[in-house]
2 protein chains.
Amino acid sequence: MDQKARLIDIARALNISVTTVSRALNNKLDISKQTKQAVLDLAKELNYQPNTLAISLRKKRTLKLIGVVLPNVDHYFFSTLLQGIMSEAHQNNYLVLVAESSQDATKEREILEEFVSYGVNGVLLAPSRESNYEENLLPLVKQRIPIVLMDRTYADYSSHFVQSDDYNGALEAVNLLIKNGYKRIAHIRGSDHWSIGSERYRGYADALTQNGREILKEYVVSCTLANKEEGFQAATTLFNLPNPPDAVFTVTDNVAAGVIEYCNQFNLFIPEQVGVVGFSNAEISALLSPGLTTVEQKGQDIGKLAFSFFLQSLSDKSKVFQKTFESKLIVRESCGSQLS
Amino acid sequence: MDQKARLIDIARALNISVTTVSRALNNKLDISKQTKQAVLDLAKELNYQPNTLAISLRKKRTLKLIGVVLPNVDHYFFSTLLQGIMSEAHQNNYLVLVAESSQDATKEREILEEFVSYGVNGVLLAPSRESNYEENLLPLVKQRIPIVLMDRTYADYSSHFVQSDDYNGALEAVNLLIKNGYKRIAHIRGSDHWSIGSERYRGYADALTQNGREILKEYVVSCTLANKEEGFQAATTLFNLPNPPDAVFTVTDNVAAGVIEYCNQFNLFIPEQVGVVGFSNAEISALLSPGLTTVEQKGQDIGKLAFSFFLQSLSDKSKVFQKTFESKLIVRESCGSQLS
DNA sequence: ATCAGCTCCGTTAACGATTACGAAAACTTC
DNA sequence: GAAGTTTTCGTAATCGTTAACGGAGCTGAT
């Protein structure tokens with residue numbers, strides 16, 4: 001009784017054919033004003049909602065549906081990324097399937113397969129750390145499903161992507177530390193498999209050499225999960241060196257939070273004794289004490305552009321859309337800029 | 001050539017009927033081993049992918065698809081909520097449509113309609129502030145689509161829900177401040193339209209009266225967005241009163257972050273001069289200095305349970321599933337518990 | 001030889017919408 | 001009033017898949 005209203009329900013009630021009802025609702029020509037009005041009125045009364053499935057099937061046009069795969073949604077950067085995607089998608093009447101790979105390449109592959117079998121029109125992917133082109137992406141490429149990569153890319157595959165300029169961001173961050181007088185700058189970096197790990201390291205290394213400084217192995221500590229705990233641990237290692245650093249550049253803000261906690265705990269004053277710069281401009285960076293100098297990653301903008309690249313790639317199959325957002329330093333207390 | 005293979009293509013190639021092909025692929029009984037094998041082989045060769053639209057249309061429901069509507073995904077609590085939902089959903093082979101209402105009841109309604117016309121099997125909804133039952137939920141209820149509410153509920157509608165115990169959480173938080181010797185406890189509260197705003201205020205008020213204290217109007221400041229800036233502003237108001245408070249309980253951790261920033265900036269020592277307690281146990285609460293005492297909201301658990309309620313409601317149509325998670329205080333430095 | 005009971009498969013009608021085609025009704029025009 | 005034109009509507013096919021039903025063919029028991 002209260003079931004969903006269909007065209008046939010309206011048709012029977014008005015004693016006309018389904019075709020006529022369809023015509024009325026779709027603003028077609030071959031229909032009189034009166035019947036059209038009657039249909040529209042009844043449709044409104046019954047709260048008629050067309051069945052998208054049936055329409056798509058009939059029109060042989062797929063549903064407006066895209067899939068988004070992220071390593072973690074509770075990570076601030078990714079959640080803003082998602083927000084950007086969803087706002088664009090909603091404006092274009094696309095629905096968004098979301099799944100979390102939890103940084104697990106196998107799970108990522110499973111998700112992508114599910115998405116494909118569900119008939120998504122495209123995939124926006126922020127690859128997990130161990131994701132590789134051959135196994136994860138090739139199947140989609142074969143099926144000609146548009147893919148836009150976000151945040152990181154594959155070394156062996158050129159596709160649409162939107163990322164932030166990790167290299168220059170890191171370069172500027174370390175340059176700032178140098179300019180502010182820090183002498184022994186350490187880096188807590190991400191893993192090599194991870195493009196943001198290697199890109200940010202590259203920026204760190206080049207900033208040092210461009211300023212005629214050496215890169216000391218013991219000043220570079222790797223982490224894998226890039227969270228606060230690892231930051232604390234790495235700080236412990238660094239500050240217990242015979243010749244400890246006087247500044248730390250970290251691969252993410254969360255890692256920097258661990259460093260700051262270590263310094264607060266062991267009375268190393270920031271920025272007087274130790275300078276700290278993070279990466280991401282996560283929510284926490286403004287809330288930490290002292291405020292964390294960091295490199296902005298515009299999650300929303302990246303997400304929006306990624307979706308718009310997907311849309312454009314539908315109409316222009318041959319073109320490859322790529323964008324690297326410029327990095328921007330957000331200077332707060334932790335890097336000693338206020339000292340001079 | 002590269003067109004998608006359909007059942008009829010396989011059927012024609014093997015000179016059998018579509019039904020038989022369908023039977024082979026769906027592991028039905030009435031079929032011989034040989035034909036079944038032949039179909040499976042050819043299907044694999046042609047890389048047959050069933051058309052989910054057609055299946056869903058025929059079965060009158062989509063295959064394992066649920067919709068999630070949240071006010072904001074970049075809010076930490078909601079992102080953990082989403083995480084909980086997605087982890088359960090993935091385990092049960094459900095795909096998850098996600099959309100953001102941006103606290104806009106009209107947009108929320110649009111999203112819900114879209115979800116329905118896509119044939120989702122259920123909806124998990126964290127209602128926006130102005131969402132009302134009549135307009136937003138009634139249409140779904142009429143169509144007998146299972147709905148599980150999260151975080152807040154409707155006064156005029158009893159349904160499945162999962163929420164955290166805002167009232168008792170607030171009560172305990174304020175009791176702790178009282179126990180730790182704070183005399184003039186203020187509250188920065190959320191708006192009245194918002195159940196967490198009124199529930200947490202109710203807890204605050206009852207804690208005071210149960211301890212024989214007065215509720216002073218000037219000690220209760222309202223905010224709408226519940227962010228750090230509003231917290232800073234409210235702190236400015238409170239600490240410039242002729243008789244300023246010596247403790248503040250805030251509706252969210254972000255608001256508390258604003259208060260802490262104010263105190264740090266104007267040299268009000270926490271917890272010695274001012275006690276602060278927040279709500280949510282957001283990521284930032286552990287990273288702030290001093291660490292913020294707060295009430296835990298188990299986003300992941302709430303999300304997981306909400307999904308499992310949805311699943312259960314499918315098999316047991318008549319039962320109503322409801323759960324209020326107990327609140328739990330997370331005690332850190334900001335509330336003076338270390339002082340005594 | 002007849003009948004019951006399998007196994008295996010095809011025919012047909014759905015699911016809810018769109019659309020080509022043609023026919024009835026209404027309106028012109030001479 | 002007959003012929004032509006236009007407006008308005010219905011019939012039936014179609015999208016890709018599933019499912020109720022029935023029928024052929026074979027086996028084995030009576």
# chains A, B, ... in the order shown; residues from 1 in each chain; ligands from 1

$ calpha_fit_rmsd --fixed "chain A" --moving "chain B"
1.6 Å

$ closest_atom_pairs --of "chain C" --to "chain B" --cutoff "10 Å" --atoms "only C-alpha atoms (C1' of nucleotides)" --output "JSON lines"
{"residue": "C:DT7", "atom": "C1'", "partner": "B:Asp30", "partner_atom": "CA", "distance": 7.2}
{"residue": "C:DC8", "atom": "C1'", "partner": "B:Ile31", "partner_atom": "CA", "distance": 5.6}
{"residue": "C:DC9", "atom": "C1'", "partner": "B:Thr20", "partner_atom": "CA", "distance": 6.8}
{"residue": "C:DG10", "atom": "C1'", "partner": "B:Ser17", "partner_atom": "CA", "distance": 6.6}
{"residue": "C:DT11", "atom": "C1'", "partner": "B:Ser17", "partner_atom": "CA", "distance": 9.8}
{"residue": "C:DA14", "atom": "C1'", "partner": "B:Arg58", "partner_atom": "CA", "distance": 7.9}
{"residue": "C:DC15", "atom": "C1'", "partner": "B:Arg58", "partner_atom": "CA", "distance": 4.2}
{"residue": "C:DG16", "atom": "C1'", "partner": "B:Leu57", "partner_atom": "CA", "distance": 7.6}

$ select_by_dssp --residues "range 11-246 of chain B" --states "strand (DSSP E)" --output "number ranges by chain"
B: 65-70, 95-100, 122-125, 147-150, 160-164, 185-189, 220-222

$ residues_around --residues "Tyr157 in chain A" --least-positions-apart "3" --cutoff "9 Å" --atoms "only C-alpha atoms (C1' of nucleotides)" --output "compact mmCIF listing (two decimals) with N, CA and C atoms, in the first residue's frame"
# COMPACT_ATOMS: atom_id res chain seq x y z
N TYR A 133 51.25 -1.27 -9.40
CA TYR A 133 50.47 -1.09 -10.62
C TYR A 133 49.99 -2.40 -11.20
N THR A 153 51.55 8.49 -6.52
CA THR A 153 51.41 7.90 -7.85
C THR A 153 52.26 6.64 -7.95
N TYR A 154 52.16 5.98 -9.07
CA TYR A 154 52.98 4.80 -9.31
C TYR A 154 54.16 5.18 -10.18

$ interface_residues --of "chain B" --to "chain A" --cutoff "7 Å" --atoms "only C-alpha atoms" --output "PyMOL selection string"
chain B and resi 49+52-54+57+73-74+76+79-80+83+86+95-99+117-118+142-143+257+284+287-289

$ atom_distance --atom1 "CA of Val220 in chain A" --atom2 "CA of Arg189 in chain A"
7.0 Å

$ residues_around --residues "range 195-212 of chain A" --least-positions-apart "6" --cutoff "12 Å" --atoms "only C-alpha atoms (C1' of nucleotides)" --output "ChimeraX atom specification"
/A:126-132,150-155,163-179,182-189,219-226,248-252,277-280,295,297,327

$ residues_around --residues "DC26 in chain D" --least-positions-apart "2" --cutoff "10 Å" --atoms "only C-alpha atoms (C1' of nucleotides)" --output "ChimeraX atom specification"
/C:6-7 /D:24,28

$ atom_distance --atom1 "CA of Asn92 in chain A" --atom2 "CA of Leu42 in chain A"
28.2 Å

$ atom_distance --atom1 "CA of Val123 in chain B" --atom2 "CA of Ala306 in chain B"
9.9 Å
